[in-house]
>>> print(open('data_24.cif').read())   # mmCIF, C-alpha atoms
data_query
loop_
_atom_site.label_atom_id
_atom_site.label_comp_id
_atom_site.auth_asym_id
_atom_site.auth_seq_id
_atom_site.Cartn_x
_atom_site.Cartn_y
_atom_site.Cartn_z
CA MET A 1 0.00 0.00 0.00
CA GLN A 2 2.80 2.39 0.85
CA GLY A 3 4.39 1.67 -2.54
CA MET A 4 1.13 2.35 -4.35
CA TRP A 5 0.62 5.50 -2.30
CA GLY A 6 4.11 6.69 -3.14
CA ARG A 7 3.60 5.98 -6.84
CA GLY A 8 0.30 7.87 -6.73
CA ILE A 9 1.98 10.92 -5.26
CA LEU A 10 4.68 10.74 -7.95
CA VAL A 11 2.10 10.52 -10.75
CA CYS A 12 0.20 13.49 -9.33
CA ALA A 13 3.40 15.49 -9.07
CA LEU A 14 4.33 14.71 -12.68
CA LEU A 15 0.86 15.62 -13.89
CA ALA A 16 1.00 18.90 -11.97
CA ALA A 17 4.43 19.68 -13.42
CA GLY A 18 3.14 18.97 -16.91
CA ALA A 19 0.14 21.21 -16.34
CA GLN A 20 2.41 24.00 -15.10
CA ALA A 21 4.67 23.62 -18.14
CA GLU A 22 1.67 23.73 -20.46
CA ALA A 23 0.30 26.76 -18.63
CA GLY A 24 3.70 28.39 -18.93
CA GLN A 25 3.63 27.88 -22.68
CA THR A 26 0.18 29.41 -22.98
CA ARG A 27 1.34 32.40 -20.94
CA SER A 28 4.32 33.09 -23.25
CA PHE A 29 4.19 36.51 -24.89
CA ALA A 30 5.56 37.35 -28.34
CA PRO A 31 5.90 41.13 -28.63
CA GLY A 32 6.16 41.00 -32.42
CA ALA A 33 2.70 39.44 -32.63
CA HIS A 34 1.14 42.62 -31.22
CA LYS A 35 1.61 45.30 -33.87
CA GLY A 36 0.18 48.78 -33.92
CA PRO A 37 -0.96 51.44 -33.90
CA ARG A 38 -4.47 50.78 -35.18
CA LEU A 39 -4.64 54.40 -36.25
CA GLY A 40 -1.76 56.15 -37.95
CA THR A 41 1.27 55.06 -39.93
CA GLN A 42 3.58 52.41 -38.52
CA ASN A 43 7.32 53.05 -38.40
CA GLU A 44 9.16 51.38 -41.28
CA VAL A 45 12.76 50.20 -41.20
CA ALA A 46 14.88 48.90 -44.09
CA VAL A 47 18.22 47.38 -43.07
CA LEU A 48 20.84 47.42 -45.82
CA GLY A 49 23.70 45.02 -45.18
CA THR A 50 27.00 46.09 -46.71
CA ALA A 51 30.60 45.04 -47.03
CA HIS A 52 32.92 47.42 -45.20
CA LEU A 53 34.14 49.64 -48.02
CA ALA A 54 37.20 51.01 -46.22
CA ARG A 55 39.17 48.24 -47.94
CA LEU A 56 38.67 49.88 -51.33
CA PRO A 57 41.73 51.47 -52.97
CA GLU A 58 42.09 55.16 -53.77
CA THR A 59 41.47 54.36 -57.43
CA PHE A 60 37.92 53.18 -56.71
CA ASP A 61 35.37 54.81 -59.04
CA ARG A 62 32.66 56.21 -56.78
CA SER A 63 30.21 56.55 -59.67
CA THR A 64 29.61 52.79 -59.61
CA LEU A 65 27.54 53.33 -56.44
CA VAL A 66 25.24 55.95 -57.98
CA PRO A 67 22.53 53.47 -59.15
CA LEU A 68 22.47 51.98 -55.64
CA ILE A 69 22.04 55.45 -54.12
CA ASP A 70 19.32 56.21 -56.70
CA ARG A 71 17.32 53.17 -55.55
CA LEU A 72 17.72 53.96 -51.89
CA ALA A 73 16.68 57.58 -52.50
CA ALA A 74 13.53 56.37 -54.26
CA TRP A 75 12.42 54.71 -51.01
CA GLN A 76 12.53 58.18 -49.41
CA PRO A 77 13.87 57.42 -45.93
CA GLN A 78 13.40 60.21 -43.41
CA ALA A 79 16.43 59.19 -41.35
CA ILE A 80 19.62 57.27 -42.12
CA ALA A 81 21.29 55.34 -39.30
CA VAL A 82 24.91 54.22 -39.65
CA GLU A 83 27.28 51.81 -37.94
CA THR A 84 29.23 54.43 -36.03
CA VAL A 85 29.71 54.89 -32.29
CA SER A 86 28.19 58.18 -31.16
CA GLY A 87 30.33 60.92 -29.68
CA GLN A 88 28.36 60.61 -26.46
CA GLN A 89 29.18 56.91 -26.09
CA CYS A 90 32.84 57.51 -26.94
CA ASP A 91 32.87 60.16 -24.23
CA MET A 92 31.64 57.55 -21.76
CA LEU A 93 34.08 54.88 -22.98
CA ARG A 94 37.03 57.23 -22.52
CA ARG A 95 36.19 57.48 -18.82
CA TYR A 96 36.84 53.75 -18.32
CA PRO A 97 40.21 53.04 -19.98
CA ALA A 98 40.79 49.90 -17.91
CA ARG A 99 38.05 48.20 -19.91
CA TYR A 100 37.64 50.27 -23.06
CA ALA A 101 41.12 51.47 -24.08
CA LEU A 102 41.22 49.16 -27.11
CA THR A 103 37.67 50.07 -28.11
CA VAL A 104 38.42 53.80 -27.94
CA SER A 105 41.53 53.40 -30.08
CA ASP A 106 39.54 51.50 -32.72
CA TYR A 107 36.25 53.41 -32.83
CA CYS A 108 36.59 56.87 -31.26
CA PRO A 109 38.39 59.65 -33.16
CA ASP A 110 40.46 62.32 -31.45
CA LEU A 111 38.32 65.41 -30.77
CA SER A 112 40.96 67.68 -29.29
CA ALA A 113 41.29 69.96 -32.35
CA ALA A 114 37.54 70.52 -32.59
CA ALA A 115 37.23 71.05 -28.84
CA LYS A 116 39.98 73.68 -28.94
CA ALA A 117 38.47 75.47 -31.94
CA THR A 118 34.92 75.58 -30.58
CA GLY A 119 35.61 75.68 -26.86
CA LEU A 120 33.06 72.89 -26.43
CA ASP A 121 33.31 69.43 -24.92
CA VAL A 122 31.22 66.56 -26.27
CA ALA A 123 28.16 67.25 -24.13
CA ALA A 124 28.14 70.99 -24.81
CA ALA A 125 28.79 70.52 -28.54
CA THR A 126 26.00 67.94 -28.81
CA ALA A 127 23.54 70.29 -27.12
CA ALA A 128 24.68 73.22 -29.29
CA ALA A 129 24.30 71.21 -32.52
CA GLU A 130 20.84 69.99 -31.53
CA GLU A 131 19.78 73.54 -30.65
CA MET A 132 20.90 74.73 -34.07
CA LEU A 133 18.90 71.98 -35.77
CA VAL A 134 15.74 72.81 -33.80
CA ASN A 135 15.89 76.33 -35.25
CA TRP A 136 17.32 75.33 -38.61
CA PRO A 137 16.07 77.54 -41.47
CA ALA A 138 14.75 76.21 -44.75
CA GLN A 139 17.62 77.94 -46.55
CA PRO A 140 20.63 77.92 -44.20
CA SER A 141 23.57 80.16 -44.98
CA ALA A 142 27.04 78.83 -45.71
CA ALA A 143 28.21 80.32 -42.40
CA GLN A 144 25.53 78.35 -40.53
CA ARG A 145 26.57 75.13 -42.22
CA ARG A 146 30.24 75.73 -41.39
CA GLU A 147 29.34 76.45 -37.76
CA LEU A 148 27.19 73.32 -37.50
CA ALA A 149 29.93 71.21 -39.10
CA ALA A 150 32.40 72.45 -36.47
CA LYS A 151 29.98 71.65 -33.65
CA PHE A 152 29.32 68.18 -35.05
CA LEU A 153 33.09 67.57 -35.12
CA ALA A 154 33.40 68.65 -31.48
CA ALA A 155 30.44 66.40 -30.60
CA GLY A 156 32.19 63.41 -32.17
CA GLU A 157 29.59 63.21 -34.97
CA HIS A 158 32.00 63.20 -37.91
CA ASP A 159 29.57 61.66 -40.40
CA SER A 160 27.04 64.43 -39.73
CA ALA A 161 29.77 67.04 -40.04
CA LEU A 162 30.54 65.60 -43.47
CA VAL A 163 26.87 65.92 -44.48
CA GLN A 164 27.02 69.65 -43.73
CA TRP A 165 30.31 69.96 -45.61
CA LEU A 166 28.88 68.22 -48.68
CA HIS A 167 25.83 70.51 -48.64
CA LEU A 168 28.15 73.46 -49.20
CA PRO A 169 29.15 74.56 -52.73
CA ALA A 170 32.85 73.93 -53.33
CA PRO A 171 33.85 77.63 -52.99
CA GLU A 172 32.21 77.75 -49.56
CA ARG A 173 34.21 74.80 -48.22
CA ARG A 174 36.73 77.01 -46.48
CA ALA A 175 37.88 78.11 -43.05
CA GLU A 176 35.80 80.77 -41.36
CA GLY A 177 34.78 81.50 -37.77
CA VAL A 178 35.19 78.51 -35.44
CA LEU A 179 35.80 76.27 -38.45
CA ASN A 180 39.54 76.79 -38.70
CA GLN A 181 41.96 75.40 -41.27
CA GLU A 182 42.76 72.32 -39.20
CA LEU A 183 39.07 71.37 -39.10
CA VAL A 184 38.72 72.09 -42.83
CA GLU A 185 41.54 69.63 -43.47
CA ALA A 186 39.76 67.05 -41.30
CA LEU A 187 36.56 67.52 -43.28
CA GLU A 188 38.39 67.25 -46.58
CA ALA A 189 40.00 64.02 -45.37
CA LEU A 190 36.52 62.70 -44.57
CA ARG A 191 35.25 63.78 -48.00
CA SER A 192 37.96 61.78 -49.76
CA SER A 193 37.79 58.75 -47.45
CA ARG A 194 36.26 55.45 -48.50
CA ASN A 195 33.73 53.69 -46.33
CA GLU A 196 30.04 52.99 -46.55
CA ASN A 197 29.14 56.06 -44.48
CA THR A 198 31.05 58.50 -46.70
CA LEU A 199 30.44 56.79 -50.06
CA ILE A 200 26.76 55.93 -49.59
CA ALA A 201 25.07 57.30 -46.45
CA ALA A 202 26.38 60.87 -46.56
CA GLN A 203 25.79 61.15 -50.32
CA LEU A 204 22.24 59.88 -49.87
CA ALA A 205 21.59 62.26 -46.97
CA VAL A 206 22.60 65.26 -49.08
CA ARG A 207 20.51 64.02 -51.99
CA LEU A 208 17.44 63.81 -49.72
CA GLY A 209 18.06 67.12 -47.97
CA HIS A 210 18.86 65.56 -44.59
CA GLN A 211 21.00 67.55 -42.19
CA ARG A 212 22.69 64.66 -40.39
CA LEU A 213 23.28 60.94 -40.07
CA TRP A 214 22.36 58.96 -36.93
CA PRO A 215 25.08 56.88 -35.23
CA MET A 216 23.60 53.66 -33.85
CA ASP A 217 26.58 51.37 -33.19
CA ASP A 218 27.33 50.31 -29.62
CA HIS A 219 30.53 48.96 -28.11
CA SER A 220 29.69 49.24 -24.43
CA ALA A 221 29.64 45.43 -24.18
CA ASP A 222 33.25 45.06 -25.38
CA ARG A 223 35.21 42.85 -23.02
CA TYR A 224 38.48 41.00 -23.65
CA GLY A 225 39.18 39.36 -20.31
CA PRO A 226 42.46 39.63 -18.40
CA ASP A 227 44.56 38.73 -21.45
CA PRO A 228 43.38 40.50 -24.65
CA LYS A 229 46.07 38.82 -26.78
CA ALA A 230 44.90 35.37 -25.69
CA TYR A 231 41.30 36.41 -26.37
CA VAL A 232 42.12 37.50 -29.93
CA LYS A 233 44.16 34.36 -30.57
CA ALA A 234 41.36 32.08 -29.37
CA VAL A 235 38.64 33.78 -31.40
CA ARG A 236 40.75 33.85 -34.56
CA LYS A 237 41.47 30.15 -34.13
CA ALA A 238 37.72 29.51 -33.94
CA TRP A 239 37.27 31.49 -37.14
CA ASP A 240 39.79 29.28 -38.95
CA ASN A 241 37.29 26.73 -40.23
CA PRO A 242 35.98 25.39 -43.56
CA ALA A 243 32.88 27.59 -43.45
CA SER A 244 35.05 30.72 -43.22
CA LYS A 245 37.10 29.61 -46.21
CA GLN A 246 33.95 28.97 -48.24
CA ARG A 247 32.58 32.37 -47.24
CA ALA A 248 35.80 34.14 -48.24
CA ALA A 249 35.85 32.37 -51.61
CA LEU A 250 32.24 33.35 -52.26
CA HIS A 251 32.82 37.04 -51.61
CA GLY A 252 36.17 37.33 -53.37
CA ASP A 253 37.86 40.63 -54.16
CA LEU A 254 35.78 43.65 -53.13
CA GLU A 255 37.09 45.98 -55.84
CA THR A 256 36.21 43.48 -58.59
CA GLN A 257 32.67 43.18 -57.25
CA LEU A 258 32.25 46.97 -57.41
CA ASP A 259 33.90 47.63 -60.76
CA THR A 260 30.63 48.42 -62.57
CA PRO A 261 27.22 49.72 -61.43
CA GLU A 262 25.66 46.40 -62.41
CA ASN A 263 28.14 44.41 -60.34
CA ALA A 264 27.70 46.75 -57.39
CA LEU A 265 23.93 46.22 -57.38
CA ALA A 266 24.44 42.47 -57.75
CA MET A 267 26.77 42.47 -54.73
CA TYR A 268 24.27 44.33 -52.56
CA ARG A 269 21.44 42.05 -53.63
CA ARG A 270 23.57 39.03 -52.71
CA ASP A 271 24.75 40.51 -49.41
CA ASN A 272 21.13 41.14 -48.42
CA GLY A 273 19.91 37.71 -49.43
CA PRO A 274 18.73 34.82 -47.20
CA ASP A 275 21.99 32.85 -47.40
CA VAL A 276 24.17 35.44 -45.66
CA ALA A 277 23.09 34.93 -42.04
CA PRO A 278 23.47 31.11 -41.90
CA ALA A 279 26.93 31.32 -43.51
CA ALA A 280 28.01 34.08 -41.12
CA PHE A 281 26.83 32.10 -38.10
CA GLU A 282 28.50 28.89 -39.21
CA SER A 283 31.84 30.56 -39.85
CA ASP A 284 31.83 33.14 -37.06
CA TYR A 285 29.52 33.21 -34.02
CA GLY A 286 28.55 29.55 -34.14
CA ALA A 287 32.20 28.57 -34.33
CA ALA A 288 33.12 30.95 -31.48
CA LEU A 289 30.31 29.53 -29.35
CA GLU A 290 32.13 26.17 -29.36
CA GLU A 291 35.60 27.64 -28.73
CA PRO A 292 37.08 25.43 -25.95
CA SER A 293 39.37 27.74 -23.93
CA PRO A 294 38.91 27.46 -20.13
CA GLN A 295 38.38 31.22 -19.99
CA GLY A 296 35.44 30.94 -22.40
CA TYR A 297 36.85 33.54 -24.80
CA GLY A 298 34.58 32.45 -27.63
CA ARG A 299 31.46 32.67 -25.50
CA MET A 300 32.65 36.06 -24.23
CA TYR A 301 32.87 37.19 -27.86
CA VAL A 302 29.35 35.91 -28.62
CA THR A 303 28.05 37.74 -25.55
CA SER A 304 29.45 41.03 -26.80
CA TRP A 305 28.17 40.35 -30.32
CA GLU A 306 24.59 39.65 -29.24
CA THR A 307 24.56 42.53 -26.75
CA ARG A 308 25.96 44.88 -29.37
CA ASN A 309 23.21 44.00 -31.82
CA LEU A 310 20.50 44.35 -29.17
CA ARG A 311 21.77 47.80 -28.22
CA MET A 312 22.05 48.80 -31.88
CA ALA A 313 18.43 47.78 -32.34
CA ALA A 314 17.49 49.82 -29.26
CA ASN A 315 19.29 52.87 -30.65
CA ILE A 316 17.42 52.53 -33.95
CA ARG A 317 14.11 52.14 -32.13
CA ASP A 318 14.86 55.20 -29.98
CA LEU A 319 15.55 57.24 -33.11
CA MET A 320 11.93 56.85 -34.21
CA GLY A 321 10.41 58.07 -30.96
CA PRO A 322 10.12 61.83 -31.66
CA THR A 323 8.69 61.29 -35.17
CA PRO A 324 6.19 58.40 -35.16
CA GLY A 325 5.44 56.89 -38.55
CA MET A 326 8.86 57.57 -40.04
CA ARG A 327 10.92 55.62 -42.53
CA THR A 328 14.45 54.74 -41.41
CA LEU A 329 17.22 53.30 -43.53
CA VAL A 330 19.92 51.45 -41.59
CA LEU A 331 23.31 50.94 -43.21
CA VAL A 332 25.26 48.23 -41.39
CA GLY A 333 27.80 45.46 -41.91
CA ALA A 334 26.10 42.55 -43.65
CA SER A 335 26.61 40.14 -40.72
CA HIS A 336 24.49 42.41 -38.50
CA LYS A 337 21.51 42.62 -40.84
CA ALA A 338 19.66 39.45 -39.85
CA TYR A 339 20.10 40.21 -36.15
CA LEU A 340 18.73 43.74 -36.51
CA ASP A 341 15.83 42.52 -38.64
CA ALA A 342 14.97 39.89 -36.03
CA TYR A 343 15.32 42.16 -33.00
CA LEU A 344 13.48 45.12 -34.54
CA GLU A 345 10.67 42.87 -35.77
CA GLN A 346 9.82 42.23 -32.11
CA MET A 347 8.93 45.90 -31.64
CA HIS A 348 5.24 46.78 -31.58
CA ASP A 349 5.53 49.89 -33.76
CA VAL A 350 8.10 48.71 -36.31
CA HIS A 351 7.54 47.14 -39.70
CA ILE A 352 10.61 45.62 -41.36
CA VAL A 353 10.69 46.44 -45.06
CA ASP A 354 12.46 43.98 -47.34
CA VAL A 355 15.38 46.07 -48.61
CA GLN A 356 15.50 43.88 -51.72
CA GLN A 357 12.39 45.71 -52.91
CA ALA A 358 14.43 48.90 -53.15
CA LEU A 359 17.43 47.18 -54.70
CA LEU A 360 15.33 45.59 -57.45
CA ARG A 361 13.57 48.80 -58.55
#
>>> encode(input="data_24.cif", output="structure tokens")
Amino acid sequence: MQGMWGRGILVCALLAAGAQAEAGQTRSFAPGAHKGPRLGTQNEVAVLGTAHLARLPETFDRSTLVPLIDRLAAWQPQAIAVETVSGQQCDMLRRYPARYALTVSDYCPDLSAAAKATGLDVAAATAAAEEMLVNWPAQPSAAQRRELAAKFLAAGEHDSALVQWLHLPAPERRAEGVLNQELVEALEALRSSRNENTLIAAQLAVRLGHQRLWPMDDHSADRYGPDPKAYVKAVRKAWDNPASKQRAALHGDLETQLDTPENALAMYRRDNGPDVAPAAFESDYGAALEEPSPQGYGRMYVTSWETRNLRMAANIRDLMGPTPGMRTLVLVGASHKAYLDAYLEQMHDVHIVDVQQALLR
């Protein structure tokens, strides 16, 4: 009898556990299933994955990207977000060199020349630039654009400073007021530089009449452990796998893929296709997840990768807050695209637009 009684209690306990598990499943909540608003226009986001164009040589013909920019302009985004760390975050990272010294050296430009010229630190320059934009006239003068460019430089918003510089006619791109010759040289260096922000995003912003670009990258989760060299060695070893070799062979030489407008469009269509994310995971994050070091360097890397993408998605979502119903184009490294699509799709007031629709126009 005691055995039967004991078995009866066990069966009841198992049934109760099963009922709790089932109830737990029914209580699960999927934010992306609850879209709104019922009235008004939903925010739209198109995420364009891109190769990092800084590898292009000085001989690269920028005109090959014009048809791509034409197609993106036709979608009429109201804001363009780029994979750059904001001046405000760099200001915070600089305060914690014990953790972020490597991050600052890689992602945060020196602002000392702009601070000296304007007399503004990052916080003051950011506030001053935003105040100018609140009162921005329909037809700003060249002097106003030069002043705003200088303030953007002091705020650590170099891409936005370039947008103001490109808005100016060539004869007006000169030193005047707080925009001294040293800052002019910095802006000219930006104008001639090659990366996706300068070659695509800034050109598109000027075409559409935008006054700035929106930095949305985040490196506050960067962590390398007590031995950064060992961390890098372990992660690179994880990356040395057959999937990485196949991925490299598929992508080939960047300059060759961008040698004609037709090839450039073909590359962007491929890099925004459904095969990119699985290949990236297999060669990169999936491989790092299984990295066997006792310190867990690979898993540390995956932690920073996932957190970075989540915070990037949050920055993009925050951008839409003051202007509900807006269209936002996000320009980001191709490996980030699927993560941002997935994370942003969970938001109630965000509709992910298939960027291929714009590329195939």
>>> atom_distance(input="data_24.cif", atom1="CA of Ala54 in chain A", atom2="CA of Gly298 in chain A")
26.4 Å
>>> residues_around(input="data_24.cif", residues="range 276-292 of chain A", least_positions_apart="4", cutoff="12 Å", atoms="all atoms listed in the file", output="ChimeraX atom specification")
/A:49-51,231-248,250-251,267-272,296-306,333-342
>>> closest_residue(input="data_24.cif", among="A:Asp275, A:Glu176, A:Glu147, A:Asp106", to="Gln164 in chain A", atoms="only C-alpha atoms")
A:Glu147
>>> atom_distance(input="data_24.cif", atom1="CA of Gln181 in chain A", atom2="CA of Asn195 in chain A")
23.8 Å
>>> closest_residue(input="data_24.cif", among="A:Arg194, A:Arg361, A:Lys116, A:His351", to="Met326 in chain A", atoms="all atoms listed in the file")
A:His351
>>> resolve_selection(input="data_24.cif", expression="the PyMOL selection byres ((chain A and resi 210-214) around 7)", output="short mmCIF file (atom, residue, chain, number, x, y, z; two decimals) with C-alpha atoms, in the coordinates of the input")
data_model
loop_
_atom_site.label_atom_id
_atom_site.label_comp_id
_atom_site.auth_asym_id
_atom_site.auth_seq_id
_atom_site.Cartn_x
_atom_site.Cartn_y
_atom_site.Cartn_z
CA ILE A 80 19.62 57.27 -42.12
CA ALA A 81 21.29 55.34 -39.30
CA VAL A 82 24.91 54.22 -39.65
CA ASP A 159 29.57 61.66 -40.40
CA SER A 160 27.04 64.43 -39.73
CA VAL A 163 26.87 65.92 -44.48
CA GLN A 164 27.02 69.65 -43.73
CA ALA A 205 21.59 62.26 -46.97
CA VAL A 206 22.60 65.26 -49.08
CA LEU A 208 17.44 63.81 -49.72
CA GLY A 209 18.06 67.12 -47.97
CA PRO A 215 25.08 56.88 -35.23
CA MET A 216 23.60 53.66 -33.85
#
>>> closest_residue(input="data_24.cif", among="A:Gln144, A:Thr126, A:Gln139, A:Thr118", to="Leu183 in chain A", atoms="all atoms listed in the file")
A:Thr118
>>> residues_around(input="data_24.cif", residues="Ser105 in chain A", least_positions_apart="6", cutoff="12 Å", atoms="only C-alpha atoms", output="ChimeraX atom specification")
/A:90,93-94,97,99
>>> atom_distance(input="data_24.cif", atom1="CA of Val350 in chain A", atom2="CA of Asn43 in chain A")
4.9 Å
>>> closest_residue(input="data_24.cif", among="A:Asp110, A:Glu255, A:Asp354, A:Glu196", to="Ile69 in chain A", atoms="only C-alpha atoms")
A:Glu196
>>> resolve_selection(input="data_24.cif", expression="the PyMOL selection byres ((chain A and resi 265) around 10)", output="list of chain:residue names")
A:Thr64, A:Leu65, A:Val66, A:Pro67, A:Leu68, A:Ile69, A:Arg71, A:Gln257, A:Leu258, A:Thr260, A:Pro261, A:Glu262, A:Asn263, A:Ala264, A:Ala266, A:Met267, A:Tyr268, A:Arg269, A:Arg270, A:Asp271, A:Leu359, A:Leu360
>>> resolve_selection(input="data_24.cif", expression="the PyMOL selection byres ((chain A and resi 98) around 12)", output="MDAnalysis selection string")
chainID A and resid 93:97 99:104 222:226 228
>>> closest_residue(input="data_24.cif", among="A:Thr328, A:Ser293, A:Ser220, A:Thr198", to="Asn309 in chain A", atoms="all atoms listed in the file")
A:Ser220
>>> residues_around(input="data_24.cif", residues="Leu329 in chain A", least_positions_apart="4", cutoff="10 Å", atoms="all atoms listed in the file", output="ChimeraX atom specification")
/A:44-48,72-73,75-82,201,316,353,355
>>> write_last_selection(input="data_24.cif", atoms="C-alpha atoms", output="CSV table (one decimal), keeping the file's coordinate frame")
chain,number,residue,atom,x,y,z
A,44,GLU,CA,9.2,51.4,-41.3
A,45,VAL,CA,12.8,50.2,-41.2
A,46,ALA,CA,14.9,48.9,-44.1
A,47,VAL,CA,18.2,47.4,-43.1
A,48,LEU,CA,20.8,47.4,-45.8
A,72,LEU,CA,17.7,54.0,-51.9
A,73,ALA,CA,16.7,57.6,-52.5
A,75,TRP,CA,12.4,54.7,-51.0
A,76,GLN,CA,12.5,58.2,-49.4
A,77,PRO,CA,13.9,57.4,-45.9
A,78,GLN,CA,13.4,60.2,-43.4
A,79,ALA,CA,16.4,59.2,-41.4
A,80,ILE,CA,19.6,57.3,-42.1
A,81,ALA,CA,21.3,55.3,-39.3
A,82,VAL,CA,24.9,54.2,-39.6
A,201,ALA,CA,25.1,57.3,-46.4
A,316,ILE,CA,17.4,52.5,-34.0
A,353,VAL,CA,10.7,46.4,-45.1
A,355,VAL,CA,15.4,46.1,-48.6
>>> closest_residue(input="data_24.cif", among="A:Ser192, A:Ser112, A:Thr256, A:Gln88", to="Ala127 in chain A", atoms="only C-alpha atoms")
A:Gln88
>>> build_atoms(input="data_24.cif", residues="range 69-85 of chain A", atoms="N, CA, C and O atoms", output="compact mmCIF listing (two decimals), keeping the file's coordinate frame")
# COMPACT_ATOMS: atom_id res chain seq x y z
N ILE A 69 22.55 54.28 -54.84
CA ILE A 69 22.04 55.45 -54.12
C ILE A 69 20.72 55.91 -54.72
O ILE A 69 19.80 56.31 -53.99
N ASP A 70 20.58 55.85 -56.04
CA ASP A 70 19.32 56.21 -56.70
C ASP A 70 18.17 55.37 -56.16
O ASP A 70 17.08 55.89 -55.86
N ARG A 71 18.38 54.07 -56.02
CA ARG A 71 17.32 53.17 -55.55
C ARG A 71 16.98 53.41 -54.08
O ARG A 71 15.81 53.37 -53.70
N LEU A 72 17.98 53.66 -53.29
CA LEU A 72 17.72 53.96 -51.89
C LEU A 72 16.99 55.30 -51.74
O LEU A 72 16.09 55.43 -50.90
N ALA A 73 17.35 56.27 -52.55
CA ALA A 73 16.68 57.58 -52.50
C ALA A 73 15.21 57.45 -52.89
O ALA A 73 14.35 58.15 -52.35
N ALA A 74 14.91 56.55 -53.81
CA ALA A 74 13.53 56.37 -54.26
C ALA A 74 12.63 55.87 -53.14
O ALA A 74 11.42 56.10 -53.16
N TRP A 75 13.21 55.18 -52.15
CA TRP A 75 12.42 54.71 -51.01
C TRP A 75 12.08 55.86 -50.06
O TRP A 75 11.18 55.76 -49.23
N GLN A 76 12.79 56.96 -50.17
CA GLN A 76 12.53 58.18 -49.41
C GLN A 76 12.61 58.00 -47.88
O GLN A 76 11.66 58.31 -47.15
N PRO A 77 13.73 57.50 -47.40
CA PRO A 77 13.87 57.42 -45.93
C PRO A 77 13.92 58.82 -45.33
O PRO A 77 14.45 59.76 -45.93
N GLN A 78 13.38 58.93 -44.12
CA GLN A 78 13.40 60.21 -43.41
C GLN A 78 14.57 60.32 -42.44
O GLN A 78 14.84 61.40 -41.91
N ALA A 79 15.24 59.20 -42.19
CA ALA A 79 16.43 59.19 -41.35
C ALA A 79 17.33 58.07 -41.83
O ALA A 79 16.86 57.03 -42.31
N ILE A 80 18.63 58.27 -41.71
CA ILE A 80 19.62 57.27 -42.12
C ILE A 80 20.52 56.98 -40.91
O ILE A 80 21.19 57.89 -40.41
N ALA A 81 20.48 55.76 -40.44
CA ALA A 81 21.29 55.34 -39.30
C ALA A 81 22.50 54.57 -39.79
O ALA A 81 22.40 53.75 -40.72
N VAL A 82 23.66 54.81 -39.17
CA VAL A 82 24.91 54.22 -39.65
C VAL A 82 25.65 53.53 -38.50
O VAL A 82 25.47 53.86 -37.33
N GLU A 83 26.52 52.60 -38.90
CA GLU A 83 27.28 51.81 -37.94
C GLU A 83 28.49 52.59 -37.44
O GLU A 83 29.63 52.32 -37.79
N THR A 84 28.21 53.59 -36.63
CA THR A 84 29.23 54.43 -36.03
C THR A 84 28.90 54.61 -34.56
O THR A 84 27.72 54.74 -34.20
N VAL A 85 29.92 54.63 -33.71
CA VAL A 85 29.71 54.89 -32.29
C VAL A 85 29.51 56.39 -32.10
O VAL A 85 30.26 57.20 -32.64
